[in-house]
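Peer 1: Mind having a look at this structure? Questions to follow.
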2 protein chains.
Amino acid sequence: MTLLDSIVMQGLGRHGALTAEEKTLLLDLELNPRRAAAGEVLWQESADVDLFCVVKEGWAYSYRNLGNGSMQILKVYLPGDIIGMRDFGFARRLAGVAMINDGVISPFTHQQLFELIGRSPALAASIIATVVRQQAMLTERLVYLGRYAAHERLAHFLYELYLRLKRIGAVTDNGFVMPLSQEQVGDALGLSAVHVSRTFSMLRDEGLVVRDRQHVVLPDPQALARLVEFNDTYIDETLSPAFHGFH
Amino acid sequence: MTLLDSIVMQGLGRHGALTAEEKTLLLDLELNPRRAAAGEVLWQESADVDLFCVVKEGWAYSYRNLGNGSMQILKVYLPGDIIGMRDFGFARRLAGVAMINDGVISPFTHQQLFELIGRSPALAASIIATVVRQQAMLTERLVYLGRYAAHERLAHFLYELYLRLKRIGAVTDNGFVMPLSQEQVGDALGLSAVHVSRTFSMLRDEGLVVRDRQHVVLPDPQALARLVEFNDTYIDETLSPAFHGFH
DNA sequence: CGGTTCGTTGAGACCGTTCAACCCCGGTGG
DNA sequence: CCACCGGGGTTGAACGGTCTCAACGAACCG
């Protein structure tokens, strides 16, 4: 999974094919791939902001460790996502990032990002669009934490993963691999691990989610989408026309 | 309260005074002020994105109306804030915005924003910094919704308002005016209005918050800050040095 | 085969919700 | 001036969703 694939798949490159220089700029971000082991902390909260990363293989998550001993997972990163944009413009990390399973990441520097932005307004727009979309996903999570019950939070979480995985071709027969432990799911949804287990059982009994170890199947994605009233405008978002005129 | 005052007060203008042109660009955003009545909806969710607004007087909030009949308030806007940046780059609003009390707002267009960004990299950096800071505030709220109890959520909410109001000079003797109803506070914190009332009583009994109608006093802000382990790096944030080198 | 991690299930406690009654206060109209 | 009304806030009681603690089971790994 290269960033180029990801960006094209996400439809950001559809407005006129990318130029050769733009493709080069994107590929330059992935010149230094390295393996990262499950559980590896890429950086801690409050660390200096130096690098961003493209996730090439594996999953990662950003998190905050709280004073009361618990953890809140802010976002799950999938292959093709850029990690660290949350801290763009800050001197220190607002959240830590760790790998969920074994994977491959490509770090690149602030400097490279500035260069890319300076050279290609189209790519700058794409980057900004991904940041904005991430903010929208965060907002959606906030809404669910504030106002929905456990089974709705979990259903929404799984359906969002399903959509994001589908667009990078990681879904077959409505099923996908979900390497998060139930403890981690709980940390993302503001629930205890025990209650995540019970909630999975509830969704299984209703025929909405079948899970076996790390494999999840959504037998009827539409039914799940109705349950959570999924608003997918923030995933298949349309950029403002004015924005494209900006180049 | 002009945007110029606000940005200077927020320290974004400290790196070299703004040029005359930059000041003009900022003031141009506020050429069309108008009154807005309490409860007035500035725009609804899914409406076309056309305008942004500077809040000159009064408070506003962005919100999402949910299928189960409840509402989630995403953010409270104070004088000097820019409303609508959440939707920058989108064709449609991700959230509605309404006035909390009577106030004055200055709408400006996408076009004006692009012009400002094109003419002054320094102001573009300031704008981006405010967007990033808003995302950080949203993240902080998410953490509290996910992992903290009612009294901690409320204490954190009040302390954040206290800090933001202090920097625009709206705090005297540790007190400020808080025009939100308890229903609205509940919609922001994911609590019922009834429990907001009980939680206010609890904080009062502990000597942390004194409230009389719309007037709130924090007798010991430091104690409150300790209670919520307030991390103010996202309010008094430091922009990355690399970012300033970008101009 | 023993240890470890992860997931399941049960029981009890707790926090927050819902429903309801009541109060306080400001506004309005007689 | 008073009667009435309505919105916001307070308080009580019962319900329910989620948490915690604990025991147990299943899969993986040395």
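All residue names refer to the structure tokens as shown: chains lettered A, B, ... in order, residues numbered from 1 in each chain, ligands numbered from 1 in order.
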Taking only C-alpha atoms (C1' of nucleotides) into account, what are the residues of chain B at most 12 Å from chain D, put as a list in words?
Peer 2: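 Output check: Leu180, Ser181, Gln182, Glu183, Gln184, Ala193, Val194, His195, Val196, Ser197, Arg198, Thr199, Phe200, Ser201, Arg211, Asp212, Arg213 and Gln214 of chain B.
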Peer 1: Distance limit 8 Å, atoms considered: only C-alpha atoms. Which chain A residues sit that close to chain B? Return them as number ranges by chain.
Peer 2: A: 49, 64, 67, 70-72, 74, 86, 88-92, 94, 110-111, 114, 129, 132, 135-136, 138-139, 141-143, 145-147, 189-191, 229, 237-243, 246
Peer 1: Quick one: which residues from chain C are at most 12 Å off chain A, using only C-alpha atoms (C1' of nucleotides), as an MDAnalysis selection string?
Peer 2: chainID C and resid 5:10
Peer 1: Take the selection from the previous step and output its residues with all heavy atoms, as a tab-separated table (two decimals), in the first residue's frame.
Peer 2:
chain	number	residue	atom	x	y	z
C	5	DT	P	0.83	-11.88	30.14
C	5	DT	OP1	1.96	-10.94	30.21
C	5	DT	OP2	-0.09	-12.03	31.29
C	5	DT	O5'	-0.05	-11.53	28.86
C	5	DT	C5'	0.26	-12.14	27.60
C	5	DT	C4'	-1.02	-12.39	26.83
C	5	DT	O4'	-1.64	-13.62	27.28
C	5	DT	C3'	-2.09	-11.29	27.04
C	5	DT	O3'	-2.46	-10.78	25.77
C	5	DT	C2'	-3.24	-12.02	27.73
C	5	DT	C1'	-3.03	-13.45	27.26
C	5	DT	N1	-3.62	-14.48	28.14
C	5	DT	C2	-4.41	-15.46	27.57
C	5	DT	O2	-4.66	-15.50	26.38
C	5	DT	N3	-4.89	-16.39	28.46
C	5	DT	C4	-4.68	-16.44	29.83
C	5	DT	O4	-5.18	-17.33	30.51
C	5	DT	C5	-3.85	-15.39	30.36
C	5	DT	C7	-3.56	-15.35	31.83
C	5	DT	C6	-3.36	-14.47	29.50
C	6	DC	P	-3.45	-9.49	25.66
C	6	DC	OP1	-2.97	-8.68	24.53
C	6	DC	OP2	-3.63	-8.90	27.00
C	6	DC	O5'	-4.82	-10.16	25.23
C	6	DC	C5'	-4.84	-11.05	24.12
C	6	DC	C4'	-6.18	-11.76	24.09
C	6	DC	O4'	-6.23	-12.70	25.19
C	6	DC	C3'	-7.38	-10.84	24.26
C	6	DC	O3'	-8.24	-11.01	23.15
C	6	DC	C2'	-8.02	-11.28	25.57
C	6	DC	C1'	-7.52	-12.72	25.71
C	6	DC	N1	-7.44	-13.21	27.12
C	6	DC	C2	-8.03	-14.42	27.47
C	6	DC	O2	-8.63	-15.06	26.59
C	6	DC	N3	-7.95	-14.86	28.75
C	6	DC	C4	-7.29	-14.13	29.66
C	6	DC	N4	-7.24	-14.62	30.91
C	6	DC	C5	-6.67	-12.89	29.32
C	6	DC	C6	-6.77	-12.46	28.05
C	7	DG	P	-9.58	-10.12	23.02
C	7	DG	OP1	-9.83	-9.90	21.60
C	7	DG	OP2	-9.45	-9.00	23.96
C	7	DG	O5'	-10.70	-11.11	23.57
C	7	DG	C5'	-10.92	-12.34	22.89
C	7	DG	C4'	-11.89	-13.19	23.67
C	7	DG	O4'	-11.32	-13.49	24.97
C	7	DG	C3'	-13.25	-12.55	23.94
C	7	DG	O3'	-14.26	-13.43	23.48
C	7	DG	C2'	-13.31	-12.38	25.45
C	7	DG	C1'	-12.34	-13.44	25.93
C	7	DG	N9	-11.70	-13.15	27.20
C	7	DG	C8	-10.87	-12.09	27.49
C	7	DG	N7	-10.43	-12.11	28.72
C	7	DG	C5	-11.02	-13.25	29.27
C	7	DG	C6	-10.91	-13.78	30.59
C	7	DG	O6	-10.26	-13.35	31.53
C	7	DG	N1	-11.67	-14.95	30.72
C	7	DG	C2	-12.43	-15.52	29.72
C	7	DG	N2	-13.08	-16.63	30.02
C	7	DG	N3	-12.52	-15.03	28.49
C	7	DG	C4	-11.80	-13.90	28.34
C	8	DT	P	-15.78	-12.99	23.56
C	8	DT	OP1	-16.44	-13.61	22.38
C	8	DT	OP2	-15.84	-11.55	23.79
C	8	DT	O5'	-16.34	-13.74	24.85
C	8	DT	C5'	-16.35	-15.16	24.87
C	8	DT	C4'	-16.87	-15.63	26.22
C	8	DT	O4'	-15.96	-15.18	27.25
C	8	DT	C3'	-18.25	-15.11	26.61
C	8	DT	O3'	-19.09	-16.25	26.77
C	8	DT	C2'	-18.04	-14.37	27.93
C	8	DT	C1'	-16.71	-14.93	28.41
C	8	DT	N1	-15.87	-14.04	29.25
C	8	DT	C2	-15.61	-14.41	30.54
C	8	DT	O2	-16.05	-15.42	31.05
C	8	DT	N3	-14.79	-13.54	31.22
C	8	DT	C4	-14.23	-12.36	30.75
C	8	DT	O4	-13.52	-11.66	31.47
C	8	DT	C5	-14.55	-12.04	29.39
C	8	DT	C7	-14.00	-10.79	28.77
C	8	DT	C6	-15.35	-12.88	28.70
C	9	DT	P	-20.66	-16.13	26.79
C	9	DT	OP1	-21.20	-17.38	26.22
C	9	DT	OP2	-21.03	-14.81	26.24
C	9	DT	O5'	-21.00	-16.12	28.35
C	9	DT	C5'	-20.49	-17.15	29.18
C	9	DT	C4'	-20.62	-16.76	30.63
C	9	DT	O4'	-19.55	-15.87	30.99
C	9	DT	C3'	-21.92	-16.03	31.00
C	9	DT	O3'	-22.65	-16.86	31.89
C	9	DT	C2'	-21.45	-14.73	31.66
C	9	DT	C1'	-20.02	-15.05	32.03
C	9	DT	N1	-19.10	-13.89	32.10
C	9	DT	C2	-18.31	-13.74	33.22
C	9	DT	O2	-18.34	-14.51	34.16
C	9	DT	N3	-17.49	-12.65	33.20
C	9	DT	C4	-17.38	-11.70	32.18
C	9	DT	O4	-16.61	-10.77	32.27
C	9	DT	C5	-18.24	-11.92	31.05
C	9	DT	C7	-18.21	-10.96	29.91
C	9	DT	C6	-19.05	-12.99	31.07
C	10	DG	P	-24.13	-16.49	32.38
C	10	DG	OP1	-24.91	-17.75	32.43
C	10	DG	OP2	-24.61	-15.34	31.59
C	10	DG	O5'	-23.90	-16.01	33.88
C	10	DG	C5'	-23.19	-16.84	34.78
C	10	DG	C4'	-22.92	-16.11	36.07
C	10	DG	O4'	-21.82	-15.18	35.88
C	10	DG	C3'	-24.09	-15.28	36.62
C	10	DG	O3'	-24.32	-15.65	37.97
C	10	DG	C2'	-23.62	-13.85	36.49
C	10	DG	C1'	-22.11	-13.98	36.56
C	10	DG	N9	-21.36	-12.92	35.90
C	10	DG	C8	-21.49	-12.51	34.59
C	10	DG	N7	-20.67	-11.54	34.28
C	10	DG	C5	-19.96	-11.30	35.45
C	10	DG	C6	-18.94	-10.36	35.72
C	10	DG	O6	-18.44	-9.54	34.95
C	10	DG	N1	-18.49	-10.45	37.04
C	10	DG	C2	-18.97	-11.33	37.97
C	10	DG	N2	-18.44	-11.28	39.18
C	10	DG	N3	-19.93	-12.22	37.72
C	10	DG	C4	-20.37	-12.14	36.45
Peer 1: Write down as a list in words the residues belonging to stretch 3-119 of chain B that are assigned helix (DSSP H, G or I) by DSSP computed on the backbone.
Peer 2: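 Those in stretch 3-119 of chain B that DSSP calls helix (DSSP H, G or I) are Leu3, Leu4, Asp5, Ser6, Ile7, Val8, Met9, Ala20, Glu21, Glu22, Lys23, Thr24, Leu25, Leu26, Leu27, Asp28, Met85, Arg86, Asp87, His110, Gln111, Gln112, Leu113, Phe114, Glu115, Leu116, Ile117, Gly118 and Arg119 of chain B.
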